[in-house]
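Okay, structure first, notes after.
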Amino acid sequence: MADLKYEIIERIAILSEKGGWTKELNKVSWNDRPAKFDLRDWNHDKGKMGKGSTLTDEELRNLREVLNSIDL
């Protein structure tokens with residue numbers, strides 16, 4: 001498997017913390033591609049990350065609309 005290269009362009013929010021791990025929403029560039037919104041668990045102290053999901057600007061706008069329509 002090829003090396004995974006990433007750069008956190010913008011740290012937007014830490015949504016939760018547990019046991020040295022944080023669930024974060026960031027803007028991340030993967031393998032020198034344009035940055036996307038990225039939601040995943042991180043352990044920055046150990047240089048590790050969990051599985052996550054990336055979203056384009058349009059996908060994040062659509063998600064915002066859906067979340068705004070939900071009665072929480």
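Lettering and numbering for the structure tokens are positional, with chains as A, B, ... in the shown order, residues counted from 1 in each chain, and ligands counted from 1 in the shown order.
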
Identify, on the basis of only C-alpha atoms, every residue whose closest approach to A:Ile14 does not exceed 7 Å; exclude the query and any residue fewer than 4 positions from it along the same chain; express the result as a CSV table (one decimal) with N, CA and C atoms, in the first residue's frame.
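That gives us result.csv:
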chain,number,residue,atom,x,y,z
A,22,THR,N,-9.7,12.4,19.7
A,22,THR,CA,-10.7,13.4,19.4
A,22,THR,C,-11.4,13.2,18.1
A,23,LYS,N,-12.7,13.4,18.1
A,23,LYS,CA,-13.4,13.4,16.9
A,23,LYS,C,-13.5,14.8,16.4
A,24,GLU,N,-13.0,15.0,15.1
A,24,GLU,CA,-12.8,16.4,14.6
A,24,GLU,C,-13.4,16.6,13.2
A,25,LEU,N,-13.8,17.8,13.0
A,25,LEU,CA,-14.1,18.2,11.7
A,25,LEU,C,-13.0,19.2,11.2

Could you write out, as a tab-separated table (two decimals) with N, CA and C atoms, in the first residue's frame, all the residues of chain A that DSSP marks as strand (DSSP E or B)?
chain	number	residue	atom	x	y	z
A	6	TYR	N	-1.12	13.52	3.99
A	6	TYR	CA	-2.22	14.42	4.30
A	6	TYR	C	-1.68	15.69	4.94
A	7	GLU	N	-2.47	16.74	4.81
A	7	GLU	CA	-2.16	18.01	5.46
A	7	GLU	C	-3.46	18.60	5.98
A	8	ILE	N	-3.52	18.86	7.27
A	8	ILE	CA	-4.69	19.52	7.83
A	8	ILE	C	-4.56	21.00	7.50
A	9	ILE	N	-5.44	21.47	6.62
A	9	ILE	CA	-5.40	22.85	6.15
A	9	ILE	C	-6.06	23.78	7.17
A	10	GLU	N	-7.19	23.31	7.74
A	10	GLU	CA	-7.93	24.12	8.70
A	10	GLU	C	-8.56	23.21	9.75
A	11	ARG	N	-8.33	23.52	11.00
A	11	ARG	CA	-8.99	22.80	12.10
A	11	ARG	C	-10.26	23.56	12.42
A	12	ILE	N	-11.40	22.91	12.23
A	12	ILE	CA	-12.68	23.59	12.37
A	12	ILE	C	-13.29	23.36	13.75
A	13	ALA	N	-13.37	22.09	14.19
A	13	ALA	CA	-14.01	21.82	15.48
A	13	ALA	C	-13.59	20.47	16.03
A	14	ILE	N	-13.48	20.40	17.35
A	14	ILE	CA	-13.37	19.13	18.06
A	14	ILE	C	-14.76	18.84	18.60
A	15	LEU	N	-15.34	17.72	18.16
A	15	LEU	CA	-16.70	17.38	18.53
A	15	LEU	C	-16.78	16.58	19.82
A	16	SER	N	-15.74	15.78	20.10
A	16	SER	CA	-15.70	15.02	21.35
A	16	SER	C	-14.27	14.57	21.62
A	17	GLU	N	-14.02	14.18	22.88
A	17	GLU	CA	-12.71	13.67	23.29
A	17	GLU	C	-12.91	12.46	24.18
A	18	LYS	N	-12.07	11.43	23.96
A	18	LYS	CA	-12.13	10.24	24.81
A	18	LYS	C	-10.83	9.47	24.71
A	21	TRP	N	-8.14	10.41	22.20
A	21	TRP	CA	-8.64	10.54	20.84
A	21	TRP	C	-9.66	11.67	20.77
A	22	THR	N	-9.66	12.39	19.66
A	22	THR	CA	-10.65	13.43	19.43
A	22	THR	C	-11.37	13.17	18.12
A	23	LYS	N	-12.68	13.42	18.12
A	23	LYS	CA	-13.45	13.37	16.86
A	23	LYS	C	-13.47	14.81	16.36
A	24	GLU	N	-12.95	15.01	15.14
A	24	GLU	CA	-12.76	16.37	14.63
A	24	GLU	C	-13.36	16.56	13.24
A	25	LEU	N	-13.79	17.79	13.01
A	25	LEU	CA	-14.14	18.24	11.67
A	25	LEU	C	-13.04	19.18	11.23
A	26	ASN	N	-12.35	18.81	10.18
A	26	ASN	CA	-11.24	19.59	9.65
A	26	ASN	C	-11.37	19.71	8.14
A	27	LYS	N	-10.57	20.58	7.58
A	27	LYS	CA	-10.41	20.65	6.13
A	27	LYS	C	-9.03	20.04	5.85
A	28	VAL	N	-9.01	18.93	5.09
A	28	VAL	CA	-7.78	18.16	4.90
A	28	VAL	C	-7.51	17.94	3.42
A	29	SER	N	-6.26	18.09	3.05
A	29	SER	CA	-5.80	17.74	1.70
A	29	SER	C	-5.16	16.36	1.78
A	30	TRP	N	-5.70	15.43	0.99
A	30	TRP	CA	-5.18	14.07	0.95
A	30	TRP	C	-4.39	13.87	-0.33
A	36	LYS	N	-10.78	18.80	1.36
A	36	LYS	CA	-12.19	18.52	1.56
A	36	LYS	C	-12.47	18.55	3.06
A	37	PHE	N	-13.74	18.68	3.40
A	37	PHE	CA	-14.12	18.56	4.80
A	37	PHE	C	-13.93	17.11	5.21
A	38	ASP	N	-13.44	16.90	6.41
A	38	ASP	CA	-13.05	15.57	6.86
A	38	ASP	C	-13.51	15.38	8.29
A	39	LEU	N	-14.25	14.31	8.54
A	39	LEU	CA	-14.75	13.98	9.86
A	39	LEU	C	-14.18	12.63	10.27
A	40	ARG	N	-13.35	12.61	11.33
A	40	ARG	CA	-12.74	11.35	11.78
A	40	ARG	C	-12.15	11.50	13.17
A	41	ASP	N	-11.74	10.37	13.75
A	41	ASP	CA	-11.06	10.34	15.04
A	41	ASP	C	-9.56	10.51	14.82
A	42	TRP	N	-8.94	11.28	15.71
A	42	TRP	CA	-7.50	11.52	15.64
A	42	TRP	C	-6.87	11.31	17.01
A	43	ASN	N	-5.65	10.76	17.02
A	43	ASN	CA	-4.80	10.75	18.20
A	43	ASN	C	-3.51	11.43	17.75
A	48	LYS	N	-1.80	8.97	14.96
A	48	LYS	CA	-2.74	7.99	14.41
A	48	LYS	C	-4.07	8.65	14.07
A	49	MET	N	-4.80	8.01	13.16
A	49	MET	CA	-6.14	8.46	12.80
A	49	MET	C	-7.03	7.25	12.62
A	50	GLY	N	-8.32	7.46	12.84
A	50	GLY	CA	-9.30	6.41	12.63
A	50	GLY	C	-9.92	6.56	11.25
A	51	LYS	N	-10.82	5.63	10.94
A	51	LYS	CA	-11.55	5.74	9.68
A	51	LYS	C	-12.45	6.95	9.76
A	52	GLY	N	-12.68	7.56	8.62
A	52	GLY	CA	-13.50	8.76	8.60
A	52	GLY	C	-14.21	8.92	7.29
A	53	SER	N	-14.72	10.11	7.09
A	53	SER	CA	-15.47	10.42	5.89
A	53	SER	C	-15.08	11.80	5.41
A	54	THR	N	-14.93	11.95	4.09
A	54	THR	CA	-14.65	13.25	3.51
A	54	THR	C	-15.89	13.74	2.77
A	55	LEU	N	-16.06	15.05	2.77
A	55	LEU	CA	-17.22	15.67	2.13
A	55	LEU	C	-16.78	16.88	1.31

Mind listing the helix (DSSP H, G or I) residues of chain A, per DSSP on the backbone, as a ChimeraX atom specification? /A:44-46,57-69

Any chance you could export the current selection's all heavy atoms as a short mmCIF file (atom, residue, chain, number, x, y, z; two decimals), in the first residue's frame?
data_model
loop_
_atom_site.label_atom_id
_atom_site.label_comp_id
_atom_site.auth_asym_id
_atom_site.auth_seq_id
_atom_site.Cartn_x
_atom_site.Cartn_y
_atom_site.Cartn_z
N HIS A 44 -3.48 12.74 17.87
CA HIS A 44 -2.34 13.51 17.37
C HIS A 44 -1.05 13.17 18.11
O HIS A 44 0.02 13.19 17.51
CB HIS A 44 -2.64 15.01 17.45
CG HIS A 44 -3.75 15.45 16.55
ND1 HIS A 44 -3.62 15.51 15.17
CD2 HIS A 44 -5.02 15.82 16.81
CE1 HIS A 44 -4.76 15.91 14.64
NE2 HIS A 44 -5.64 16.11 15.61
N ASP A 45 -1.16 12.85 19.41
CA ASP A 45 0.04 12.52 20.19
C ASP A 45 0.77 11.30 19.62
O ASP A 45 1.99 11.24 19.64
CB ASP A 45 -0.32 12.25 21.65
CG ASP A 45 -0.81 13.50 22.37
OD1 ASP A 45 -0.51 14.62 21.90
OD2 ASP A 45 -1.50 13.36 23.39
N LYS A 46 0.01 10.33 19.13
CA LYS A 46 0.60 9.10 18.60
C LYS A 46 0.67 9.10 17.07
O LYS A 46 1.11 8.12 16.48
CB LYS A 46 -0.18 7.88 19.09
CG LYS A 46 -0.10 7.70 20.59
CD LYS A 46 -0.81 6.46 21.04
CE LYS A 46 -0.71 6.30 22.55
NZ LYS A 46 -1.42 5.14 23.04
N ASP A 57 -17.71 20.55 -0.56
CA ASP A 57 -18.48 21.70 -0.09
C ASP A 57 -19.98 21.45 -0.29
O ASP A 57 -20.78 21.71 0.60
CB ASP A 57 -18.07 22.97 -0.83
CG ASP A 57 -16.67 23.44 -0.47
OD1 ASP A 57 -16.03 22.84 0.41
OD2 ASP A 57 -16.23 24.43 -1.07
N GLU A 58 -20.35 20.95 -1.46
CA GLU A 58 -21.76 20.69 -1.76
C GLU A 58 -22.35 19.63 -0.84
O GLU A 58 -23.47 19.77 -0.34
CB GLU A 58 -21.94 20.27 -3.22
CG GLU A 58 -23.38 20.04 -3.60
CD GLU A 58 -23.57 19.64 -5.05
OE1 GLU A 58 -22.59 19.65 -5.83
OE2 GLU A 58 -24.70 19.30 -5.39
N GLU A 59 -21.60 18.56 -0.60
CA GLU A 59 -22.08 17.51 0.29
C GLU A 59 -22.27 18.03 1.71
O GLU A 59 -23.25 17.68 2.38
CB GLU A 59 -21.11 16.32 0.29
CG GLU A 59 -21.11 15.55 -1.00
CD GLU A 59 -19.97 14.56 -1.11
OE1 GLU A 59 -18.90 14.80 -0.51
OE2 GLU A 59 -20.16 13.55 -1.81
N LEU A 60 -21.36 18.89 2.17
CA LEU A 60 -21.50 19.45 3.51
C LEU A 60 -22.71 20.38 3.59
O LEU A 60 -23.43 20.38 4.59
CB LEU A 60 -20.23 20.17 3.93
CG LEU A 60 -20.18 20.58 5.40
CD1 LEU A 60 -20.21 19.36 6.31
CD2 LEU A 60 -18.97 21.42 5.68
N ARG A 61 -22.95 21.16 2.53
CA ARG A 61 -24.15 22.01 2.50
C ARG A 61 -25.41 21.16 2.57
O ARG A 61 -26.36 21.48 3.30
CB ARG A 61 -24.18 22.88 1.24
CG ARG A 61 -23.35 24.15 1.36
CD ARG A 61 -23.62 25.10 0.20
NE ARG A 61 -23.16 24.58 -1.07
CZ ARG A 61 -21.91 24.72 -1.54
NH1 ARG A 61 -21.01 25.36 -0.83
NH2 ARG A 61 -21.59 24.22 -2.71
N ASN A 62 -25.45 20.06 1.81
CA ASN A 62 -26.60 19.16 1.84
C ASN A 62 -26.78 18.55 3.23
O ASN A 62 -27.91 18.43 3.73
CB ASN A 62 -26.46 18.06 0.80
CG ASN A 62 -26.58 18.57 -0.61
OD1 ASN A 62 -27.12 19.65 -0.85
ND2 ASN A 62 -26.06 17.82 -1.56
N LEU A 63 -25.69 18.14 3.86
CA LEU A 63 -25.76 17.58 5.21
C LEU A 63 -26.29 18.62 6.18
O LEU A 63 -27.12 18.31 7.04
CB LEU A 63 -24.39 17.07 5.65
CG LEU A 63 -24.31 16.49 7.05
CD1 LEU A 63 -25.25 15.30 7.22
CD2 LEU A 63 -22.88 16.10 7.37
N ARG A 64 -25.84 19.86 6.06
CA ARG A 64 -26.32 20.93 6.94
C ARG A 64 -27.83 21.10 6.80
O ARG A 64 -28.54 21.22 7.80
CB ARG A 64 -25.61 22.25 6.64
CG ARG A 64 -26.11 23.39 7.52
CD ARG A 64 -25.38 24.67 7.28
NE ARG A 64 -25.51 25.06 5.89
CZ ARG A 64 -24.80 26.05 5.33
NH1 ARG A 64 -23.93 26.73 6.03
NH2 ARG A 64 -24.98 26.35 4.06
N GLU A 65 -28.33 21.06 5.58
CA GLU A 65 -29.78 21.17 5.35
C GLU A 65 -30.52 20.03 6.04
O GLU A 65 -31.56 20.24 6.66
CB GLU A 65 -30.09 21.21 3.86
CG GLU A 65 -29.73 22.51 3.19
CD GLU A 65 -30.06 22.50 1.71
OE1 GLU A 65 -30.94 21.74 1.28
OE2 GLU A 65 -29.42 23.28 0.99
N VAL A 66 -30.01 18.82 5.89
CA VAL A 66 -30.64 17.65 6.52
C VAL A 66 -30.63 17.80 8.03
O VAL A 66 -31.65 17.59 8.71
CB VAL A 66 -29.94 16.35 6.09
CG1 VAL A 66 -30.41 15.17 6.92
CG2 VAL A 66 -30.16 16.09 4.61
N LEU A 67 -29.48 18.17 8.60
CA LEU A 67 -29.39 18.30 10.05
C LEU A 67 -30.30 19.42 10.57
O LEU A 67 -30.90 19.29 11.64
CB LEU A 67 -27.95 18.56 10.47
CG LEU A 67 -26.98 17.38 10.26
CD1 LEU A 67 -25.56 17.81 10.56
CD2 LEU A 67 -27.39 16.18 11.08
N ASN A 68 -30.40 20.51 9.83
CA ASN A 68 -31.29 21.59 10.24
C ASN A 68 -32.75 21.19 10.23
O ASN A 68 -33.56 21.75 10.95
CB ASN A 68 -31.09 22.83 9.36
CG ASN A 68 -29.80 23.57 9.70
OD1 ASN A 68 -29.27 23.45 10.80
ND2 ASN A 68 -29.29 24.32 8.75
N SER A 69 -33.11 20.19 9.41
CA SER A 69 -34.49 19.77 9.31
C SER A 69 -34.88 18.72 10.36
O SER A 69 -36.05 18.42 10.54
CB SER A 69 -34.78 19.21 7.92
OG SER A 69 -34.15 17.95 7.74
#
